[in-house]
file structure-v6.cif (mmCIF, C-alpha atoms)
data_entry
#
loop_
_atom_site.label_atom_id
_atom_site.label_comp_id
_atom_site.auth_asym_id
_atom_site.auth_seq_id
_atom_site.Cartn_x
_atom_site.Cartn_y
_atom_site.Cartn_z
CA MET T 1 -81.13 -1.71 57.87
CA ASP T 2 -80.79 1.92 56.94
CA ILE T 3 -80.24 2.61 53.26
CA PRO T 4 -77.64 5.36 52.80
CA SER T 5 -79.00 8.41 51.06
CA PRO T 6 -77.42 9.36 47.73
CA ALA T 7 -74.60 11.87 47.88
CA ALA T 8 -75.65 15.46 47.37
CA PRO T 9 -74.58 16.91 44.01
CA TRP T 10 -71.62 19.24 44.12
CA PRO T 11 -72.33 22.94 43.68
CA ALA T 12 -71.74 24.41 40.22
CA PRO T 13 -68.68 26.51 41.28
CA THR T 14 -66.99 23.40 42.71
CA ARG T 15 -67.59 21.44 39.51
CA TYR T 16 -66.22 24.28 37.38
CA VAL T 17 -63.07 24.55 39.52
CA LEU T 18 -62.50 20.79 39.31
CA ALA T 19 -63.01 20.88 35.54
CA VAL T 20 -60.32 23.57 35.24
CA LEU T 21 -57.97 21.60 37.50
CA LEU T 22 -58.57 18.49 35.40
CA LEU T 23 -57.75 20.43 32.22
CA LEU T 24 -54.56 21.84 33.73
CA THR T 25 -53.53 18.38 34.95
CA THR T 26 -54.06 16.96 31.47
CA ILE T 27 -51.88 19.70 29.96
CA ALA T 28 -49.17 19.04 32.57
CA VAL T 29 -49.20 15.31 31.79
CA LEU T 30 -48.94 16.00 28.05
CA LEU T 31 -45.94 18.28 28.64
CA PHE T 32 -44.35 15.67 30.90
CA LEU T 33 -44.70 13.02 28.18
CA LYS T 34 -43.29 15.25 25.43
CA PRO T 35 -39.86 13.52 25.32
CA VAL T 36 -41.52 10.18 24.52
CA TYR T 37 -44.15 11.39 22.04
CA SER T 38 -42.44 9.54 19.18
CA THR T 39 -42.31 6.24 21.08
CA ILE T 40 -45.94 6.58 22.19
CA GLY T 41 -47.06 7.46 18.67
CA LEU T 42 -45.15 4.53 17.16
CA GLY T 43 -46.56 2.18 19.80
CA PHE T 44 -50.08 3.40 19.06
CA ILE T 45 -49.56 2.74 15.33
CA PHE T 46 -48.32 -0.78 16.07
CA ALA T 47 -51.25 -1.44 18.41
CA PHE T 48 -53.79 -0.22 15.88
CA LEU T 49 -52.31 -2.24 13.02
CA PHE T 50 -51.87 -5.36 15.15
CA TYR T 51 -55.32 -5.21 16.74
CA GLY T 52 -57.06 -7.07 13.90
CA PRO T 53 -54.57 -9.99 13.68
CA VAL T 54 -54.42 -10.31 17.48
CA GLN T 55 -58.22 -10.38 17.71
CA TRP T 56 -58.41 -12.97 14.92
CA ILE T 57 -55.82 -15.23 16.58
CA GLY T 58 -57.51 -14.81 19.96
CA LYS T 59 -60.79 -15.97 18.50
CA ARG T 60 -59.08 -19.03 16.97
CA VAL T 61 -57.57 -20.09 20.33
CA GLY T 62 -60.86 -20.28 22.18
CA GLY T 63 -61.52 -16.58 22.69
CA ARG T 64 -58.40 -16.07 24.80
CA TYR T 65 -57.39 -12.62 23.63
CA ALA T 66 -54.28 -12.35 25.84
CA LEU T 67 -52.98 -15.66 24.50
CA GLY T 68 -53.60 -14.44 20.94
CA ALA T 69 -51.62 -11.28 21.70
CA VAL T 70 -48.71 -13.28 23.13
CA LEU T 71 -48.63 -15.65 20.14
CA PHE T 72 -48.76 -12.80 17.62
CA TYR T 73 -46.00 -10.79 19.30
CA LEU T 74 -43.82 -13.87 19.58
CA LEU T 75 -44.23 -14.24 15.83
CA VAL T 76 -43.32 -10.56 15.31
CA VAL T 77 -40.22 -10.90 17.50
CA ALA T 78 -39.18 -14.05 15.62
CA VAL T 79 -39.54 -12.32 12.24
CA LEU T 80 -37.64 -9.22 13.41
CA GLY T 81 -34.93 -11.41 14.92
CA ALA T 82 -34.54 -13.32 11.65
CA LEU T 83 -34.33 -10.07 9.69
CA ALA T 84 -31.75 -8.65 12.11
CA TRP T 85 -29.66 -11.83 11.93
CA GLY T 86 -29.80 -11.81 8.15
CA GLY T 87 -28.86 -8.14 8.08
CA ILE T 88 -25.83 -8.75 10.31
CA ASP T 89 -24.70 -11.62 8.09
CA LEU T 90 -25.15 -9.47 5.00
CA LEU T 91 -23.13 -6.61 6.46
CA SER T 92 -20.39 -8.97 7.57
CA ALA T 93 -20.21 -10.63 4.16
CA ARG T 94 -20.31 -7.39 2.21
CA GLY T 95 -18.28 -5.24 4.58
CA GLN T 96 -14.92 -5.79 2.86
CA GLN T 97 -16.47 -5.46 -0.59
CA LEU T 98 -18.16 -2.22 0.41
CA ALA T 99 -14.89 -0.83 1.76
CA GLN T 100 -13.18 -1.55 -1.56
CA LEU T 101 -16.03 0.07 -3.49
CA LEU T 102 -15.86 3.14 -1.28
CA GLN T 103 -12.14 3.43 -1.96
CA VAL T 104 -12.78 3.23 -5.70
CA GLY T 105 -15.61 5.72 -5.31
CA ALA T 106 -13.34 8.18 -3.51
CA GLU T 107 -10.87 7.98 -6.40
CA ASN T 108 -13.70 8.57 -8.87
CA ILE T 109 -14.85 11.64 -6.97
CA GLN T 110 -11.31 12.99 -7.01
CA ASP T 111 -11.10 12.45 -10.79
CA TRP T 112 -14.29 14.30 -11.75
CA ARG T 113 -13.59 17.09 -9.25
CA SER T 114 -10.27 17.84 -10.95
CA GLY T 115 -12.08 18.85 -14.15
CA LEU T 116 -14.38 21.38 -12.44
CA PRO T 117 -13.82 25.02 -11.49
CA GLN T 118 -12.27 25.37 -8.06
CA ARG T 119 -15.23 27.09 -6.39
CA LEU T 120 -17.72 24.53 -7.73
CA ALA T 121 -15.43 21.68 -6.73
CA GLU T 122 -15.14 23.09 -3.19
CA SER T 123 -18.93 23.44 -2.95
CA LEU T 124 -19.46 19.87 -4.09
CA ALA T 125 -16.85 18.69 -1.62
CA GLN T 126 -18.67 20.49 1.19
CA ILE T 127 -21.93 18.89 0.13
CA ALA T 128 -20.26 15.47 0.08
CA VAL T 129 -18.86 16.05 3.57
CA TRP T 130 -22.31 17.13 4.79
CA LEU T 131 -23.94 14.04 3.29
CA ALA T 132 -21.27 11.77 4.74
CA GLY T 133 -21.66 13.36 8.17
CA ASN T 134 -25.40 12.89 8.12
CA LEU T 135 -24.98 9.31 6.94
CA ILE T 136 -22.64 8.63 9.86
CA ARG T 137 -25.16 10.15 12.26
CA VAL T 138 -27.86 7.94 10.80
CA VAL T 139 -25.70 4.84 11.24
CA VAL T 140 -24.76 5.82 14.78
CA GLY T 141 -28.40 6.49 15.62
CA ALA T 142 -29.54 3.14 14.21
CA ALA T 143 -29.12 1.48 17.60
CA GLY T 144 -31.31 4.16 19.18
CA ILE T 145 -33.97 3.65 16.50
CA ILE T 146 -33.94 -0.10 17.06
CA GLY T 147 -34.28 0.45 20.79
CA GLN T 148 -37.20 2.83 20.23
CA VAL T 149 -38.94 0.27 18.01
CA VAL T 150 -38.49 -2.45 20.65
CA ILE T 151 -39.92 -0.19 23.38
CA ALA T 152 -42.79 0.85 21.10
CA LEU T 153 -43.59 -2.81 20.38
CA PHE T 154 -43.71 -3.58 24.09
CA PHE T 155 -45.88 -0.52 24.73
CA SER T 156 -48.25 -1.58 21.93
CA PHE T 157 -48.57 -5.03 23.52
CA LEU T 158 -49.47 -3.50 26.88
CA LEU T 159 -51.88 -1.09 25.18
CA LEU T 160 -53.69 -3.89 23.34
CA VAL T 161 -54.04 -5.99 26.49
CA ASN T 162 -55.18 -3.05 28.63
CA LEU T 163 -57.73 -1.89 26.06
CA TYR T 164 -59.18 -5.38 25.91
CA GLN T 165 -59.43 -5.43 29.71
CA ALA T 166 -61.22 -2.06 29.50
CA ARG T 167 -63.69 -3.39 26.90
CA GLY T 168 -67.18 -2.02 27.58
CA SER T 169 -65.92 0.39 30.25
CA LEU T 170 -67.80 3.34 28.70
CA LYS T 171 -71.14 1.57 29.04
CA ASP T 172 -71.38 2.80 32.62
CA TRP T 173 -71.07 6.40 31.42
CA PHE T 174 -73.53 6.46 28.52
CA SER T 175 -76.92 4.94 27.86
CA GLY T 176 -79.80 5.14 25.41
CA GLN T 177 -79.51 7.57 22.50
CA LEU T 178 -76.24 9.00 23.83
CA GLU T 179 -74.65 5.54 23.87
CA SER T 180 -75.66 5.00 20.24
CA GLU T 181 -74.16 8.36 19.24
CA ILE T 182 -70.85 7.71 21.03
CA ARG T 183 -70.67 4.22 19.53
CA GLN T 184 -71.13 5.69 16.07
CA ILE T 185 -68.34 8.22 16.70
CA LEU T 186 -65.98 5.47 17.85
CA LYS T 187 -66.79 3.42 14.74
CA GLU T 188 -66.06 6.46 12.58
CA LEU T 189 -62.68 6.82 14.30
CA ASP T 190 -61.96 3.13 13.64
CA LYS T 191 -62.66 3.60 9.92
CA ILE T 192 -60.60 6.80 9.65
CA TRP T 193 -57.49 5.54 11.43
CA LEU T 194 -57.59 2.13 9.77
CA GLY T 195 -58.12 3.70 6.35
CA TYR T 196 -55.30 6.21 6.85
CA LEU T 197 -52.74 3.69 8.08
CA THR T 198 -53.76 1.18 5.41
CA ALA T 199 -53.38 3.83 2.69
CA GLN T 200 -49.92 4.72 4.01
CA VAL T 201 -48.80 1.09 4.07
CA ILE T 202 -50.07 0.50 0.53
CA TYR T 203 -48.41 3.70 -0.70
CA GLY T 204 -45.09 2.76 0.90
CA VAL T 205 -45.14 -0.76 -0.57
CA VAL T 206 -46.11 0.40 -4.07
CA LEU T 207 -43.52 3.19 -4.04
CA ALA T 208 -40.81 0.78 -2.82
CA ALA T 209 -41.66 -1.69 -5.61
CA ALA T 210 -41.67 1.03 -8.27
CA SER T 211 -38.40 2.44 -6.90
CA TRP T 212 -36.79 -1.00 -7.02
CA VAL T 213 -37.65 -1.30 -10.72
CA GLN T 214 -36.39 2.25 -11.35
CA PHE T 215 -33.13 1.75 -9.42
CA THR T 216 -32.48 -1.62 -11.09
CA LEU T 217 -32.90 -0.15 -14.58
CA LEU T 218 -30.69 2.84 -13.77
CA GLY T 219 -28.02 0.76 -12.04
CA VAL T 220 -28.30 2.30 -8.57
CA PRO T 221 -26.04 0.40 -6.13
CA TYR T 222 -27.94 -1.89 -3.75
CA PRO T 223 -31.32 -1.24 -5.44
CA PHE T 224 -33.41 -3.32 -3.02
CA ILE T 225 -32.05 -1.59 0.08
CA MET T 226 -32.38 1.85 -1.53
CA ALA T 227 -35.95 1.06 -2.62
CA LEU T 228 -36.85 -0.09 0.89
CA ILE T 229 -35.42 3.13 2.35
CA THR T 230 -37.36 5.17 -0.23
CA GLY T 231 -40.63 3.43 0.64
CA LEU T 232 -40.14 3.98 4.37
CA VAL T 233 -38.72 7.51 4.40
CA SER T 234 -41.24 8.78 1.83
CA LEU T 235 -44.01 8.11 4.35
CA ILE T 236 -42.81 11.24 6.14
CA PRO T 237 -45.19 13.85 4.70
CA THR T 238 -43.85 16.52 2.33
CA ILE T 239 -40.14 16.17 3.16
CA GLY T 240 -39.92 12.37 3.05
CA GLY T 241 -39.47 12.20 -0.73
CA LEU T 242 -36.68 14.80 -0.63
CA LEU T 243 -34.87 13.03 2.22
CA SER T 244 -35.05 9.65 0.50
CA SER T 245 -33.75 11.18 -2.74
CA PHE T 246 -30.67 12.58 -1.01
CA ILE T 247 -30.06 9.27 0.81
CA VAL T 248 -30.18 7.37 -2.49
CA ALA T 249 -27.77 9.91 -4.00
CA ILE T 250 -25.00 8.98 -1.55
CA PRO T 251 -24.12 5.53 -2.98
CA CYS T 252 -24.68 6.91 -6.49
CA VAL T 253 -22.10 9.66 -6.11
CA VAL T 254 -19.66 7.31 -4.39
CA LEU T 255 -20.01 4.14 -6.46
CA GLY T 256 -21.56 5.31 -9.72
CA SER T 257 -23.93 3.30 -11.89
CA THR T 258 -23.70 -0.44 -12.43
CA VAL T 259 -25.45 -0.04 -15.82
CA PHE T 260 -24.26 3.27 -17.25
CA THR T 261 -20.64 2.70 -16.34
CA GLU T 262 -19.36 5.42 -18.67
CA MET T 263 -21.41 8.12 -16.91
CA SER T 264 -19.57 10.07 -14.21
CA PRO T 265 -20.78 9.40 -10.63
CA ALA T 266 -21.69 13.07 -10.14
CA THR T 267 -23.86 13.20 -13.26
CA PHE T 268 -25.45 9.88 -12.36
CA ALA T 269 -26.22 11.02 -8.81
CA ILE T 270 -27.84 14.22 -10.07
CA LEU T 271 -29.90 12.27 -12.61
CA VAL T 272 -31.11 9.74 -10.03
CA THR T 273 -31.89 12.51 -7.52
CA LEU T 274 -33.98 14.49 -10.00
CA ILE T 275 -35.90 11.41 -11.15
CA ASN T 276 -36.50 10.26 -7.59
CA ILE T 277 -37.71 13.69 -6.47
CA LEU T 278 -40.15 13.84 -9.39
CA VAL T 279 -41.46 10.33 -8.73
CA THR T 280 -41.88 10.75 -4.96
CA GLN T 281 -43.34 14.26 -5.05
CA ILE T 282 -45.78 13.60 -7.91
CA SER T 283 -46.91 10.27 -6.46
CA TYR T 284 -47.40 11.75 -2.97
CA ASN T 285 -49.09 15.04 -3.87
CA PHE T 286 -51.26 13.81 -6.75
CA LEU T 287 -51.94 10.20 -5.75
CA ALA T 288 -51.38 9.65 -2.02
CA LEU T 289 -52.92 12.91 -0.77
CA PRO T 290 -56.26 12.50 -2.61
CA ILE T 291 -56.52 8.87 -1.47
CA VAL T 292 -55.71 9.84 2.12
CA GLY T 293 -58.24 12.68 1.96
CA LYS T 294 -60.90 10.21 0.87
CA TYR T 295 -60.13 7.85 3.74
CA VAL T 296 -60.05 10.56 6.43
CA ARG T 297 -63.01 12.43 4.84
CA LEU T 298 -61.22 15.74 4.56
CA PRO T 299 -60.62 17.99 1.53
CA VAL T 300 -57.19 17.57 -0.05
CA ALA T 301 -56.34 21.20 0.77
CA VAL T 302 -57.08 20.57 4.47
CA VAL T 303 -54.98 17.40 4.39
CA PHE T 304 -52.08 19.33 2.85
CA VAL T 305 -52.32 22.10 5.47
CA GLY T 306 -52.44 19.50 8.25
CA VAL T 307 -49.30 17.86 6.91
CA LEU T 308 -47.51 21.22 6.70
CA ALA T 309 -48.52 22.03 10.28
CA GLY T 310 -47.08 18.75 11.52
CA VAL T 311 -43.82 19.35 9.65
CA ALA T 312 -43.61 22.93 10.95
CA LEU T 313 -43.82 21.69 14.53
CA GLY T 314 -40.60 19.76 13.93
CA SER T 315 -41.85 16.28 14.82
CA ILE T 316 -41.74 13.49 12.22
CA MET T 317 -44.24 11.41 14.18
CA LEU T 318 -46.61 14.37 14.55
CA ALA T 319 -46.27 15.14 10.85
CA PHE T 320 -47.19 11.54 10.06
CA LEU T 321 -50.20 11.51 12.43
CA ALA T 322 -51.34 15.11 11.89
CA VAL T 323 -53.96 14.18 9.27
CA PRO T 324 -55.86 11.49 11.26
CA ILE T 325 -55.59 13.62 14.40
CA LEU T 326 -57.11 16.55 12.50
CA SER T 327 -59.87 14.30 11.18
CA THR T 328 -60.53 13.00 14.71
CA LEU T 329 -60.84 16.53 16.06
CA THR T 330 -63.16 17.39 13.18
CA ILE T 331 -65.50 14.49 13.99
CA ILE T 332 -65.56 15.21 17.73
CA GLY T 333 -65.88 18.96 17.16
CA GLY T 334 -68.74 18.43 14.71
CA TYR T 335 -70.54 16.25 17.24
CA LEU T 336 -70.14 18.81 20.02
CA LEU T 337 -71.25 21.61 17.71
CA SER T 338 -74.35 19.63 16.79
CA LYS T 339 -75.14 19.23 20.48
CA VAL T 340 -74.68 22.94 21.13
CA ALA T 341 -76.94 23.79 18.19
CA GLN T 342 -79.44 21.14 19.39
CA LYS T 343 -79.32 19.49 15.98
CA GLU T 344 -80.55 15.93 15.71
CA ILE T 345 -77.75 13.48 14.98
CA PRO T 346 -78.72 10.55 12.73
CA VAL T 347 -77.62 7.20 14.10
CA THR T 348 -77.09 4.20 11.85
CA PRO T 349 -78.61 0.87 12.94
CA ALA T 350 -76.47 -1.25 15.23
CA GLU T 351 -74.44 -3.95 13.53
CA SER T 352 -74.71 -7.63 14.32
CA GLU T 353 -73.40 -8.62 17.72
CA THR T 354 -71.25 -11.26 16.02
CA ASP T 355 -69.17 -8.57 14.33
CA LEU T 356 -65.81 -7.99 15.99
CA PRO T 357 -65.54 -4.53 17.58
CA GLY T 358 -62.91 -2.11 16.34
CA PHE T 359 -59.93 -0.64 18.17
CA PHE T 360 -61.90 2.32 19.58
CA SER T 361 -65.44 0.91 19.51
CA GLN T 362 -64.44 -1.96 21.81
CA LEU T 363 -64.76 0.53 24.68
CA LEU T 364 -68.54 0.33 24.19
CA ALA T 365 -68.66 -3.34 23.20
CA ASP T 366 -70.15 -6.06 25.34
CA LYS T 367 -67.63 -7.69 27.61
CA SER T 368 -66.79 -11.25 26.61
#

call {"tool": "encode", "arguments": {"input": "structure-v6.cif", "output": "structure tokens"}}
result
Amino acid sequence: MDIPSPAAPWPAPTRYVLAVLLLLTTIAVLLFLKPVYSTIGLGFIFAFLFYGPVQWIGKRVGGRYALGAVLFYLLVVAVLGALAWGGIDLLSARGQQLAQLLQVGAENIQDWRSGLPQRLAESLAQIAVWLAGNLIRVVVGAAGIIGQVVIALFFSFLLLVNLYQARGSLKDWFSGQLESEIRQILKELDKIWLGYLTAQVIYGVVLAAASWVQFTLLGVPYPFIMALITGLVSLIPTIGGLLSSFIVAIPCVVLGSTVFTEMSPATFAILVTLINILVTQISYNFLALPIVGKYVRLPVAVVFVGVLAGVALGSIMLAFLAVPILSTLTIIGGYLLSKVAQKEIPVTPAESETDLPGFFSQLLADKS
């Protein structure tokens, strides 16, 4: 039986042309996917955060990872369904009460406007109309946001299952010292992304809890809901704190304070807005940024510039993920630069085989 001879290597010009075509194809695919960047980014965040619990459940059900993923996502859907049902009941129960409060709030606005100069009153009225219009757009777009979250959850489920099926797929591409170096890079990416997302979750929870205490003491209407919105919206780098402050100001200017009832709604709204801006901006720039910089192993100044770049590009999701993406590029770029400079790369000893692989490092893990 004749043994086929190995294929002849392609000439250098052919390989260079194919490399350029591959690069152009990648750029074309990225441009094609631009309309769904936010959904893909949100799905990736869900997949990364859910990877640990899914892996833990899969190990507890006899190593059946797919079954663990199904059980975990069924639990997530049940929790979200319960929250949605409770929210609908709450809105139905409080709808009439809210309408009455809004009517009273409109009368209050008319009263304090009458005591102001005409030009100032007109400016405040325009601001109120602008805020109300944006609030309506937010409410109208809520269905779209819910749909995007549902699609992102489904995409994250598919991503987790597909990545598990691709476990160890990079072993055929790398071996020896190179395999150890790539494994170390993947582990570094696991630590950076997990640290960044964990820091963001902790920051959002702590800020929401502090905001709830602040809003309760000041008498902000619906303090729990406003605190939850503050914790979520403030995760948007740089502008999140400002946006949340203006959102909280809407019920304040309409309904006034439940504690300082003698204070005019306008004065109360301004007071709450200023306090909220100070709290969110100081906590983000002087607490969150240094912690995030430590997790992603970047100087605070670089983290701040990365955040500004994401905001400048006009994408909330890109602004949120700009820092870990920048850190990822730094790690990969540093590795490639070390290879170009022929600098020896220290490799840490391999961890125990019983340790569960991370989200990225599973691509070089042993198949189970």

call {"tool": "residues_around", "arguments": {"input": "structure-v6.cif", "residues": "range 40-44 of chain T", "least_positions_apart": "2", "cutoff": "8 Å", "atoms": "all atoms listed in the file", "output": "PyMOL selection string"}}
result
chain T and resi 36-38+46-48+149+151-156+159+317

call {"tool": "atom_distance", "arguments": {"input": "structure-v6.cif", "atom1": "CA of Ala365 in chain T", "atom2": "CA of Gly168 in chain T"}}
result
4.8 Å

call {"tool": "atom_distance", "arguments": {"input": "structure-v6.cif", "atom1": "CA of Pro237 in chain T", "atom2": "CA of Leu160 in chain T"}}
result
27.1 Å

call {"tool": "atom_distance", "arguments": {"input": "structure-v6.cif", "atom1": "CA of Asp172 in chain T", "atom2": "CA of Pro324 in chain T"}}
result
27.8 Å

call {"tool": "resolve_selection", "arguments": {"input": "structure-v6.cif", "expression": "the PyMOL selection byres ((chain T and resi 69) around 9)", "output": "PyMOL selection string"}}
result
chain T and resi 50-51+53-55+57-58+64-68+70-74+157+160-161

call {"tool": "write_last_selection", "arguments": {"input": "structure-v6.cif", "atoms": "C-alpha atoms", "output": "CSV table (one decimal), in the coordinates of the input"}}
result
chain,number,residue,atom,x,y,z
T,50,PHE,CA,-51.9,-5.4,15.2
T,51,TYR,CA,-55.3,-5.2,16.7
T,53,PRO,CA,-54.6,-10.0,13.7
T,54,VAL,CA,-54.4,-10.3,17.5
T,55,GLN,CA,-58.2,-10.4,17.7
T,57,ILE,CA,-55.8,-15.2,16.6
T,58,GLY,CA,-57.5,-14.8,20.0
T,64,ARG,CA,-58.4,-16.1,24.8
T,65,TYR,CA,-57.4,-12.6,23.6
T,66,ALA,CA,-54.3,-12.4,25.8
T,67,LEU,CA,-53.0,-15.7,24.5
T,68,GLY,CA,-53.6,-14.4,20.9
T,70,VAL,CA,-48.7,-13.3,23.1
T,71,LEU,CA,-48.6,-15.6,20.1
T,72,PHE,CA,-48.8,-12.8,17.6
T,73,TYR,CA,-46.0,-10.8,19.3
T,74,LEU,CA,-43.8,-13.9,19.6
T,157,PHE,CA,-48.6,-5.0,23.5
T,160,LEU,CA,-53.7,-3.9,23.3
T,161,VAL,CA,-54.0,-6.0,26.5

call {"tool": "residues_around", "arguments": {"input": "structure-v6.cif", "residues": "Val233 in chain T", "least_positions_apart": "2", "cutoff": "10 Å", "atoms": "all atoms listed in the file", "output": "list of chain:residue names"}}
result
T:Gly204, T:Ala227, T:Leu228, T:Ile229, T:Thr230, T:Gly231, T:Leu235, T:Ile236, T:Pro237, T:Ile239, T:Gly240, T:Gly241, T:Leu242, T:Leu243, T:Ser244, T:Ser245, T:Ile247

call {"tool": "closest_residue", "arguments": {"input": "structure-v6.cif", "among": "T:Leu178, T:Leu83, T:Leu217, T:Leu186", "to": "Glu344 in chain T", "atoms": "all atoms listed in the file"}}
result
T:Leu178

call {"tool": "resolve_selection", "arguments": {"input": "structure-v6.cif", "expression": "the PyMOL selection byres ((chain T and resi 293-295) around 9)", "output": "PDB file with C-alpha atoms, in the frame of the given file"}}
result
ATOM      1  CA  LYS T 191     -62.660   3.600   9.920  1.00  0.00           C
ATOM      2  CA  ILE T 192     -60.600   6.800   9.650  1.00  0.00           C
ATOM      3  CA  TRP T 193     -57.490   5.540  11.430  1.00  0.00           C
ATOM      4  CA  LEU T 194     -57.590   2.130   9.770  1.00  0.00           C
ATOM      5  CA  GLY T 195     -58.120   3.700   6.350  1.00  0.00           C
ATOM      6  CA  TYR T 196     -55.300   6.210   6.850  1.00  0.00           C
ATOM      7  CA  ALA T 199     -53.380   3.830   2.690  1.00  0.00           C
ATOM      8  CA  ALA T 288     -51.380   9.650  -2.020  1.00  0.00           C
ATOM      9  CA  LEU T 289     -52.920  12.910  -0.770  1.00  0.00           C
ATOM     10  CA  PRO T 290     -56.260  12.500  -2.610  1.00  0.00           C
ATOM     11  CA  ILE T 291     -56.520   8.870  -1.470  1.00  0.00           C
ATOM     12  CA  VAL T 292     -55.710   9.840   2.120  1.00  0.00           C
ATOM     13  CA  VAL T 296     -60.050  10.560   6.430  1.00  0.00           C
ATOM     14  CA  ARG T 297     -63.010  12.430   4.840  1.00  0.00           C
ATOM     15  CA  LEU T 298     -61.220  15.740   4.560  1.00  0.00           C
ATOM     16  CA  PRO T 299     -60.620  17.990   1.530  1.00  0.00           C
ATOM     17  CA  VAL T 300     -57.190  17.570  -0.050  1.00  0.00           C
ATOM     18  CA  ALA T 301     -56.340  21.200   0.770  1.00  0.00           C
ATOM     19  CA  VAL T 302     -57.080  20.570   4.470  1.00  0.00           C
ATOM     20  CA  VAL T 303     -54.980  17.400   4.390  1.00  0.00           C
ATOM     21  CA  VAL T 323     -53.960  14.180   9.270  1.00  0.00           C
TER      22      VAL T 323
END

call {"tool": "axis_aligned_box", "arguments": {"input": "structure-v6.cif", "around": "range 269-286 of chain T", "padding_each_side": "8 Å", "output": "lines of an AutoDock Vina configuration file"}}
result
center_x = -38.7
center_y = 12.4
center_z = -7.8
size_x = 41.0
size_y = 21.3
size_z = 25.6

call {"tool": "residues_around", "arguments": {"input": "structure-v6.cif", "residues": "Ser211 in chain T", "least_positions_apart": "3", "cutoff": "9 Å", "atoms": "all atoms listed in the file", "output": "list in words"}}
result
Val206, Leu207, Ala208, Gln214, Phe215, Thr216, Pro223, Phe224, Met226, Ala227, Leu228, Thr230, Gly231, Asn276 and Val279 of chain T

call {"tool": "write_last_selection", "arguments": {"input": "structure-v6.cif", "atoms": "C-alpha atoms", "output": "PDB file, in the frame of the given file"}}
result
ATOM      1  CA  VAL T 206     -46.110   0.400  -4.070  1.00  0.00           C
ATOM      2  CA  LEU T 207     -43.520   3.190  -4.040  1.00  0.00           C
ATOM      3  CA  ALA T 208     -40.810   0.780  -2.820  1.00  0.00           C
ATOM      4  CA  GLN T 214     -36.390   2.250 -11.350  1.00  0.00           C
ATOM      5  CA  PHE T 215     -33.130   1.750  -9.420  1.00  0.00           C
ATOM      6  CA  THR T 216     -32.480  -1.620 -11.090  1.00  0.00           C
ATOM      7  CA  PRO T 223     -31.320  -1.240  -5.440  1.00  0.00           C
ATOM      8  CA  PHE T 224     -33.410  -3.320  -3.020  1.00  0.00           C
ATOM      9  CA  MET T 226     -32.380   1.850  -1.530  1.00  0.00           C
ATOM     10  CA  ALA T 227     -35.950   1.060  -2.620  1.00  0.00           C
ATOM     11  CA  LEU T 228     -36.850  -0.090   0.890  1.00  0.00           C
ATOM     12  CA  THR T 230     -37.360   5.170  -0.230  1.00  0.00           C
ATOM     13  CA  GLY T 231     -40.630   3.430   0.640  1.00  0.00           C
ATOM     14  CA  ASN T 276     -36.500  10.260  -7.590  1.00  0.00           C
ATOM     15  CA  VAL T 279     -41.460  10.330  -8.730  1.00  0.00           C
TER      16      VAL T 279
END

call {"tool": "closest_residue", "arguments": {"input": "structure-v6.cif", "among": "T:Thr39, T:Gln281, T:Glu188, T:Gln362", "to": "Leu318 in chain T", "atoms": "all atoms listed in the file"}}
result
T:Thr39
